[in-house]
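Heads up, model.cif below (mmCIF, C-alpha atoms):
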data_my_file
#
loop_
_atom_site.label_atom_id
_atom_site.label_comp_id
_atom_site.auth_asym_id
_atom_site.auth_seq_id
_atom_site.Cartn_x
_atom_site.Cartn_y
_atom_site.Cartn_z
CA MET A 1 125.11 126.27 106.01
CA ARG A 2 123.24 124.15 108.54
CA LYS A 3 124.26 124.44 112.17
CA PHE A 4 124.01 121.53 114.58
CA SER A 5 123.50 122.03 118.25
CA THR A 6 126.25 120.87 120.55
CA LEU A 7 123.74 118.60 122.28
CA SER A 8 122.77 116.71 119.11
CA VAL A 9 126.37 116.28 117.98
CA ARG A 10 127.34 115.13 121.47
CA SER A 11 124.44 112.63 121.54
CA VAL A 12 125.52 111.10 118.24
CA ALA A 13 129.15 110.93 119.38
CA GLU A 14 128.21 109.33 122.70
CA ASN A 15 125.95 106.82 120.95
CA THR A 16 128.73 105.83 118.54
CA MET A 17 131.27 105.63 121.35
CA SER A 18 129.15 103.10 123.28
CA ILE A 19 128.99 100.73 120.31
CA PRO A 20 131.92 98.29 120.53
CA LYS A 21 134.35 98.48 117.61
CA LYS A 22 133.53 95.07 116.13
CA LEU A 23 129.80 95.74 116.27
CA GLN A 24 130.27 99.22 114.78
CA GLU A 25 132.18 97.69 111.86
CA ILE A 26 129.25 95.35 111.17
CA VAL A 27 126.79 98.27 111.37
CA ASP A 28 128.92 100.29 108.96
CA ASP A 29 129.17 97.36 106.53
CA PHE A 30 125.40 96.87 106.47
CA ALA A 31 124.74 100.60 106.14
CA GLY A 32 126.49 100.61 102.76
CA MET A 33 124.81 97.48 101.37
CA SER A 34 121.94 97.07 98.96
CA ARG A 35 118.89 95.03 99.96
CA GLU A 36 120.23 91.96 98.14
CA GLU A 37 123.65 92.30 99.74
CA LYS A 38 122.05 92.54 103.19
CA LEU A 39 120.11 89.33 102.59
CA GLU A 40 123.19 87.52 101.27
CA THR A 41 125.24 88.71 104.23
CA LEU A 42 122.58 87.61 106.73
CA ILE A 43 122.62 84.15 105.13
CA ALA A 44 126.43 84.09 105.36
CA TYR A 45 126.23 84.98 109.06
CA ALA A 46 123.62 82.22 109.51
CA GLU A 47 125.87 79.68 107.82
CA SER A 48 128.72 80.55 110.18
CA PHE A 49 126.45 80.37 113.24
CA PRO A 50 127.93 77.84 115.65
CA SER A 51 126.01 75.11 117.42
CA PRO A 52 126.22 75.28 121.21
CA PRO A 53 129.28 73.41 122.58
CA ASP A 54 128.68 70.15 124.43
CA HIS A 55 128.78 71.68 127.91
CA ILE A 56 125.98 74.06 126.84
CA ALA A 57 124.03 71.53 124.76
CA GLU A 58 123.67 69.45 127.94
CA ARG A 59 121.94 72.43 129.60
CA LEU A 60 119.55 73.60 126.89
CA ASP A 61 116.72 73.51 129.43
CA GLN A 62 118.59 76.17 131.46
CA MET A 63 118.78 78.62 128.56
CA ASP A 64 116.64 81.77 128.70
CA PRO A 65 113.87 81.97 126.09
CA VAL A 66 113.48 85.13 124.01
CA PRO A 67 109.69 85.46 123.68
CA GLU A 68 109.97 88.55 121.45
CA CYS A 69 111.03 86.22 118.63
CA MET A 70 108.48 84.25 116.66
CA THR A 71 111.17 81.62 116.15
CA PRO A 72 112.08 79.69 119.31
CA VAL A 73 115.28 81.38 120.48
CA ARG A 74 117.09 80.59 123.70
CA LEU A 75 120.36 81.98 125.00
CA ILE A 76 122.78 81.63 127.84
CA ALA A 77 125.86 83.64 128.79
CA GLU A 78 129.06 82.66 130.54
CA LYS A 79 131.88 84.79 131.86
CA ASN A 80 135.39 83.84 130.80
CA PRO A 81 138.27 83.95 133.30
CA ASP A 82 139.35 87.25 131.71
CA GLY A 83 135.93 88.76 132.50
CA GLY A 84 134.62 88.69 128.94
CA VAL A 85 131.13 87.38 128.23
CA VAL A 86 130.38 84.63 125.72
CA PHE A 87 126.84 84.07 124.49
CA TYR A 88 125.48 80.76 123.25
CA PHE A 89 122.23 80.36 121.35
CA ASP A 90 119.83 77.59 120.49
CA ILE A 91 118.02 78.56 117.27
CA PRO A 92 116.55 76.10 114.77
CA PRO A 93 118.59 75.69 111.57
CA GLN A 94 115.46 76.32 109.50
CA SER A 95 115.49 79.96 110.69
CA PRO A 96 118.44 81.44 108.78
CA THR A 97 117.43 85.09 109.18
CA VAL A 98 117.16 84.79 112.95
CA ARG A 99 120.39 82.81 113.12
CA GLY A 100 122.09 85.49 111.01
CA LEU A 101 120.88 88.28 113.27
CA ALA A 102 121.98 86.41 116.41
CA SER A 103 125.33 85.73 114.77
CA ILE A 104 125.81 89.46 114.19
CA LEU A 105 125.22 90.12 117.88
CA SER A 106 127.53 87.26 118.90
CA GLU A 107 130.31 88.42 116.64
CA GLY A 108 129.96 92.02 117.78
CA LEU A 109 129.63 91.38 121.51
CA ASN A 110 131.27 88.08 122.47
CA GLY A 111 134.36 88.50 124.63
CA LEU A 112 133.47 91.96 125.89
CA PRO A 113 133.07 92.79 129.58
CA PRO A 114 129.46 92.95 130.81
CA GLU A 115 129.63 96.74 131.23
CA GLN A 116 130.33 97.27 127.53
CA ILE A 117 127.48 94.97 126.50
CA ILE A 118 125.05 96.74 128.81
CA ALA A 119 126.10 100.12 127.36
CA VAL A 120 125.16 99.19 123.76
CA PRO A 121 122.27 101.45 122.73
CA ALA A 122 119.04 99.55 122.09
CA ASP A 123 118.76 101.22 118.68
CA PHE A 124 122.39 100.71 117.59
CA TYR A 125 121.20 98.85 114.48
CA LEU A 126 119.14 101.69 112.95
CA PRO A 127 121.92 102.81 110.53
CA MET A 128 121.97 99.23 109.16
CA ASN A 129 118.57 99.91 107.53
CA LEU A 130 117.51 96.32 108.11
CA GLN A 131 113.93 97.22 107.23
CA GLU A 132 115.05 97.21 103.59
CA ALA A 133 115.68 93.46 103.80
CA ILE A 134 113.65 91.95 106.64
CA SER A 135 110.27 92.39 108.28
CA GLN A 136 109.56 94.59 111.28
CA GLN A 137 108.71 91.40 113.16
CA ARG A 138 112.28 90.11 112.66
CA ILE A 139 113.71 93.48 113.68
CA SER A 140 111.63 93.38 116.87
CA GLY A 141 113.03 89.92 117.58
CA PHE A 142 116.58 91.21 116.99
CA HIS A 143 115.87 93.99 119.46
CA GLY A 144 114.54 91.41 121.93
CA VAL A 145 117.64 89.23 121.60
CA LEU A 146 119.85 92.24 122.39
CA ALA A 147 117.69 93.04 125.43
CA HIS A 148 118.07 89.47 126.73
CA MET A 149 121.83 89.56 126.10
CA LYS A 150 122.06 92.75 128.14
CA LYS A 151 119.96 91.19 130.90
CA ALA A 152 122.31 88.18 130.96
CA ALA A 153 125.30 90.53 131.12
CA VAL A 154 123.74 92.32 134.11
CA GLY A 155 123.37 88.93 135.81
CA LEU A 156 127.06 88.23 135.24
CA LEU A 157 128.06 91.49 136.92
CA LYS A 158 127.03 89.90 140.20
CA ASP A 159 129.37 86.92 139.68
#
This structure in structure tokens:
Amino acid sequence: MRKFSTLSVRSVAENTMSIPKKLQEIVDDFAGMSREEKLETLIAYAESFPSPPDHIAERLDQMDPVPECMTPVRLIAEKNPDGGVVFYFDIPPQSPTVRGLASILSEGLNGLPPEQIIAVPADFYLPMNLQEAISQQRISGFHGVLAHMKKAAVGLLKD
């Protein structure tokens, strides 16, 4: 029988606890998918990816670029009256993989308080095994988008 140290079990538990429930459900779904299912699901997320609302579309020049992405990606965050954060993205429609990845982050994080967004581990997506379906370059961009979302959430803490 293999024994696990208390520290390693605690680290895994703490890591899982800092992933918001909606985002954890997405991670769990992807973890059980085949390569083909992952690609199909990313496309489905891309197809449901919303365009920025009018009040954001008028301020596209104020959105923060995400230079880690090869595709031009820009984002902006707003705080709702209830304190939850909503993220808006500008990503070309001809980039379905990137749109799908951003949609996953939006679905998993939108509406949460800034503190919860900031607490999401940078490597939360590892159990999704995205490398089975997309390039390391896309994964790096996904990581960059999360980093910029967290930065925007930090900025909203001051508001």
What is the distance, in Å and to one decimal place, between atom CA of Glu47 of chain A and atom CA of Glu107 of chain A?
13.2 Å
So that I can check the surroundings of segment 31-40 of chain A, please list as a list in words every protein, DNA and RNA residue that reaches within 9 Å of it, counting all atoms listed in the file and ignoring chain neighbours fewer than 2 positions away.
Ile26, Val27, Asp28, Asp29, Leu42, Ile43, Ala44, Tyr45, Thr97, Leu126, Pro127, Met128, Asn129, Leu130, Glu132, Ala133 and Ile134 of chain A
Applied to this file, what does the PyMOL selection byres ((chain A and resi 156) around 12) return in terms of residues, put as an mmCIF file with C-alpha atoms, in the coordinates of the input?
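Saved as out.cif:
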data_model
loop_
_atom_site.group_PDB
_atom_site.id
_atom_site.type_symbol
_atom_site.label_atom_id
_atom_site.label_comp_id
_atom_site.auth_asym_id
_atom_site.auth_seq_id
_atom_site.Cartn_x
_atom_site.Cartn_y
_atom_site.Cartn_z
ATOM 1 C CA ILE A 76 122.780 81.630 127.840
ATOM 2 C CA ALA A 77 125.860 83.640 128.790
ATOM 3 C CA GLU A 78 129.060 82.660 130.540
ATOM 4 C CA LYS A 79 131.880 84.790 131.860
ATOM 5 C CA ASN A 80 135.390 83.840 130.800
ATOM 6 C CA GLY A 83 135.930 88.760 132.500
ATOM 7 C CA GLY A 84 134.620 88.690 128.940
ATOM 8 C CA VAL A 85 131.130 87.380 128.230
ATOM 9 C CA VAL A 86 130.380 84.630 125.720
ATOM 10 C CA PHE A 87 126.840 84.070 124.490
ATOM 11 C CA LEU A 112 133.470 91.960 125.890
ATOM 12 C CA PRO A 113 133.070 92.790 129.580
ATOM 13 C CA PRO A 114 129.460 92.950 130.810
ATOM 14 C CA GLU A 115 129.630 96.740 131.230
ATOM 15 C CA ILE A 117 127.480 94.970 126.500
ATOM 16 C CA ILE A 118 125.050 96.740 128.810
ATOM 17 C CA MET A 149 121.830 89.560 126.100
ATOM 18 C CA LYS A 150 122.060 92.750 128.140
ATOM 19 C CA LYS A 151 119.960 91.190 130.900
ATOM 20 C CA ALA A 152 122.310 88.180 130.960
ATOM 21 C CA ALA A 153 125.300 90.530 131.120
ATOM 22 C CA VAL A 154 123.740 92.320 134.110
ATOM 23 C CA GLY A 155 123.370 88.930 135.810
ATOM 24 C CA LEU A 157 128.060 91.490 136.920
ATOM 25 C CA LYS A 158 127.030 89.900 140.200
ATOM 26 C CA ASP A 159 129.370 86.920 139.680
#
Taking the file as I've supplied it (selection: the PyMOL selection byres ((chain A and resi 138) around 10)), which residues are included? Please answer as a list in words.
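Checking the PyMOL selection byres ((chain A and resi 138) around 10) against this file, the residues are Glu68, Cys69, Met70, Thr71, Thr97, Val98, Leu101, Leu130, Gln131, Ile134, Ser135, Gln136, Gln137, Ile139, Ser140, Gly141, Phe142, His143 and Gly144 of chain A.
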Export of prior selection with C-alpha atoms as a short mmCIF file (atom, residue, chain, number, x, y, z; two decimals), in the coordinates of the input:
data_model
loop_
_atom_site.label_atom_id
_atom_site.label_comp_id
_atom_site.auth_asym_id
_atom_site.auth_seq_id
_atom_site.Cartn_x
_atom_site.Cartn_y
_atom_site.Cartn_z
CA GLU A 68 109.97 88.55 121.45
CA CYS A 69 111.03 86.22 118.63
CA MET A 70 108.48 84.25 116.66
CA THR A 71 111.17 81.62 116.15
CA THR A 97 117.43 85.09 109.18
CA VAL A 98 117.16 84.79 112.95
CA LEU A 101 120.88 88.28 113.27
CA LEU A 130 117.51 96.32 108.11
CA GLN A 131 113.93 97.22 107.23
CA ILE A 134 113.65 91.95 106.64
CA SER A 135 110.27 92.39 108.28
CA GLN A 136 109.56 94.59 111.28
CA GLN A 137 108.71 91.40 113.16
CA ILE A 139 113.71 93.48 113.68
CA SER A 140 111.63 93.38 116.87
CA GLY A 141 113.03 89.92 117.58
CA PHE A 142 116.58 91.21 116.99
CA HIS A 143 115.87 93.99 119.46
CA GLY A 144 114.54 91.41 121.93
#
I'd like the interatomic distance between atom CA of Val66 of chain A and atom CA of Ala102 of chain A, to a tenth of an Å.
11.5 Å
Mind giving me the straight-line distance from atom CA of Ser103 of chain A to atom CA of Glu25 of chain A in Å, one decimal?
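Answer for the atom CA of Ser103 of chain A to atom CA of Glu25 of chain A separation: 14.1 Å.
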Selected by the PyMOL selection byres ((chain A and resi 62) around 12) in the shown coordinates: which residues, as number ranges by chain?
A: 55-61, 63-65, 74-77, 88-90
If you keep C-alpha atoms, can you produce a file of those selected residues as an mmCIF file, keeping the file's coordinate frame?
data_model
loop_
_atom_site.group_PDB
_atom_site.id
_atom_site.type_symbol
_atom_site.label_atom_id
_atom_site.label_comp_id
_atom_site.auth_asym_id
_atom_site.auth_seq_id
_atom_site.Cartn_x
_atom_site.Cartn_y
_atom_site.Cartn_z
ATOM 1 C CA HIS A 55 128.780 71.680 127.910
ATOM 2 C CA ILE A 56 125.980 74.060 126.840
ATOM 3 C CA ALA A 57 124.030 71.530 124.760
ATOM 4 C CA GLU A 58 123.670 69.450 127.940
ATOM 5 C CA ARG A 59 121.940 72.430 129.600
ATOM 6 C CA LEU A 60 119.550 73.600 126.890
ATOM 7 C CA ASP A 61 116.720 73.510 129.430
ATOM 8 C CA MET A 63 118.780 78.620 128.560
ATOM 9 C CA ASP A 64 116.640 81.770 128.700
ATOM 10 C CA PRO A 65 113.870 81.970 126.090
ATOM 11 C CA ARG A 74 117.090 80.590 123.700
ATOM 12 C CA LEU A 75 120.360 81.980 125.000
ATOM 13 C CA ILE A 76 122.780 81.630 127.840
ATOM 14 C CA ALA A 77 125.860 83.640 128.790
ATOM 15 C CA TYR A 88 125.480 80.760 123.250
ATOM 16 C CA PHE A 89 122.230 80.360 121.350
ATOM 17 C CA ASP A 90 119.830 77.590 120.490
#
Which residue is closest to Ala119 of chain A? Choose from A:Ser18, A:Ala46, A:Phe30, A:Asp82 and count all atoms listed in the file.
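Comparing A:Ser18, A:Ala46, A:Phe30, A:Asp82 against Ala119 of chain A, the winner is A:Ser18.
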Output segment 60-81 of chain A as a PDB file, in the coordinates of the input, making sure N, CA and C atoms are there.
ATOM      1  N   LEU A  60     120.471  72.801 127.701  1.00  0.00           N
ATOM      2  CA  LEU A  60     119.550  73.600 126.890  1.00  0.00           C
ATOM      3  C   LEU A  60     118.316  74.026 127.692  1.00  0.00           C
ATOM      4  N   ASP A  61     117.900  73.185 128.618  1.00  0.00           N
ATOM      5  CA  ASP A  61     116.720  73.510 129.430  1.00  0.00           C
ATOM      6  C   ASP A  61     116.986  74.682 130.377  1.00  0.00           C
ATOM      7  N   GLN A  62     118.238  75.051 130.580  1.00  0.00           N
ATOM      8  CA  GLN A  62     118.590  76.170 131.460  1.00  0.00           C
ATOM      9  C   GLN A  62     118.745  77.492 130.688  1.00  0.00           C
ATOM     10  N   MET A  63     118.626  77.415 129.367  1.00  0.00           N
ATOM     11  CA  MET A  63     118.780  78.620 128.560  1.00  0.00           C
ATOM     12  C   MET A  63     117.531  79.491 128.681  1.00  0.00           C
ATOM     13  N   ASP A  64     117.742  80.813 128.596  1.00  0.00           N
ATOM     14  CA  ASP A  64     116.640  81.770 128.700  1.00  0.00           C
ATOM     15  C   ASP A  64     115.935  81.908 127.351  1.00  0.00           C
ATOM     16  N   PRO A  65     114.611  81.764 127.338  1.00  0.00           N
ATOM     17  CA  PRO A  65     113.870  81.970 126.090  1.00  0.00           C
ATOM     18  C   PRO A  65     113.786  83.462 125.758  1.00  0.00           C
ATOM     19  N   VAL A  66     113.668  83.757 124.480  1.00  0.00           N
ATOM     20  CA  VAL A  66     113.480  85.130 124.010  1.00  0.00           C
ATOM     21  C   VAL A  66     112.092  85.192 123.379  1.00  0.00           C
ATOM     22  N   PRO A  67     111.068  85.509 124.176  1.00  0.00           N
ATOM     23  CA  PRO A  67     109.690  85.460 123.680  1.00  0.00           C
ATOM     24  C   PRO A  67     109.367  86.505 122.621  1.00  0.00           C
ATOM     25  N   GLU A  68     110.212  87.534 122.481  1.00  0.00           N
ATOM     26  CA  GLU A  68     109.970  88.550 121.450  1.00  0.00           C
ATOM     27  C   GLU A  68     110.144  87.993 120.043  1.00  0.00           C
ATOM     28  N   CYS A  69     110.810  86.853 119.927  1.00  0.00           N
ATOM     29  CA  CYS A  69     111.030  86.220 118.630  1.00  0.00           C
ATOM     30  C   CYS A  69     109.917  85.233 118.325  1.00  0.00           C
ATOM     31  N   MET A  70     109.462  85.241 117.095  1.00  0.00           N
ATOM     32  CA  MET A  70     108.480  84.250 116.660  1.00  0.00           C
ATOM     33  C   MET A  70     109.129  82.869 116.579  1.00  0.00           C
ATOM     34  N   THR A  71     110.382  82.841 116.184  1.00  0.00           N
ATOM     35  CA  THR A  71     111.170  81.620 116.150  1.00  0.00           C
ATOM     36  C   THR A  71     111.594  81.286 117.578  1.00  0.00           C
ATOM     37  N   PRO A  72     111.587  80.006 117.965  1.00  0.00           N
ATOM     38  CA  PRO A  72     112.080  79.690 119.310  1.00  0.00           C
ATOM     39  C   PRO A  72     113.574  79.992 119.426  1.00  0.00           C
ATOM     40  N   VAL A  73     113.895  80.964 120.252  1.00  0.00           N
ATOM     41  CA  VAL A  73     115.280  81.380 120.480  1.00  0.00           C
ATOM     42  C   VAL A  73     115.537  81.289 121.977  1.00  0.00           C
ATOM     43  N   ARG A  74     116.657  80.663 122.303  1.00  0.00           N
ATOM     44  CA  ARG A  74     117.090  80.590 123.700  1.00  0.00           C
ATOM     45  C   ARG A  74     118.562  80.978 123.744  1.00  0.00           C
ATOM     46  N   LEU A  75     118.955  81.596 124.863  1.00  0.00           N
ATOM     47  CA  LEU A  75     120.360  81.980 125.000  1.00  0.00           C
ATOM     48  C   LEU A  75     120.827  81.797 126.432  1.00  0.00           C
ATOM     49  N   ILE A  76     122.122  81.706 126.541  1.00  0.00           N
ATOM     50  CA  ILE A  76     122.780  81.630 127.840  1.00  0.00           C
ATOM     51  C   ILE A  76     124.121  82.340 127.706  1.00  0.00           C
ATOM     52  N   ALA A  77     124.579  82.928 128.796  1.00  0.00           N
ATOM     53  CA  ALA A  77     125.860  83.640 128.790  1.00  0.00           C
ATOM     54  C   ALA A  77     126.761  83.071 129.865  1.00  0.00           C
ATOM     55  N   GLU A  78     128.044  83.078 129.567  1.00  0.00           N
ATOM     56  CA  GLU A  78     129.060  82.660 130.540  1.00  0.00           C
ATOM     57  C   GLU A  78     130.150  83.725 130.564  1.00  0.00           C
ATOM     58  N   LYS A  79     130.761  83.861 131.729  1.00  0.00           N
ATOM     59  CA  LYS A  79     131.880  84.790 131.860  1.00  0.00           C
ATOM     60  C   LYS A  79     133.171  84.001 131.780  1.00  0.00           C
ATOM     61  N   ASN A  80     134.061  84.447 130.917  1.00  0.00           N
ATOM     62  CA  ASN A  80     135.390  83.840 130.800  1.00  0.00           C
ATOM     63  C   ASN A  80     136.256  84.265 131.981  1.00  0.00           C
ATOM     64  N   PRO A  81     137.356  83.546 132.217  1.00  0.00           N
ATOM     65  CA  PRO A  81     138.270  83.950 133.300  1.00  0.00           C
ATOM     66  C   PRO A  81     138.784  85.384 133.153  1.00  0.00           C
TER      67      PRO A  81
END
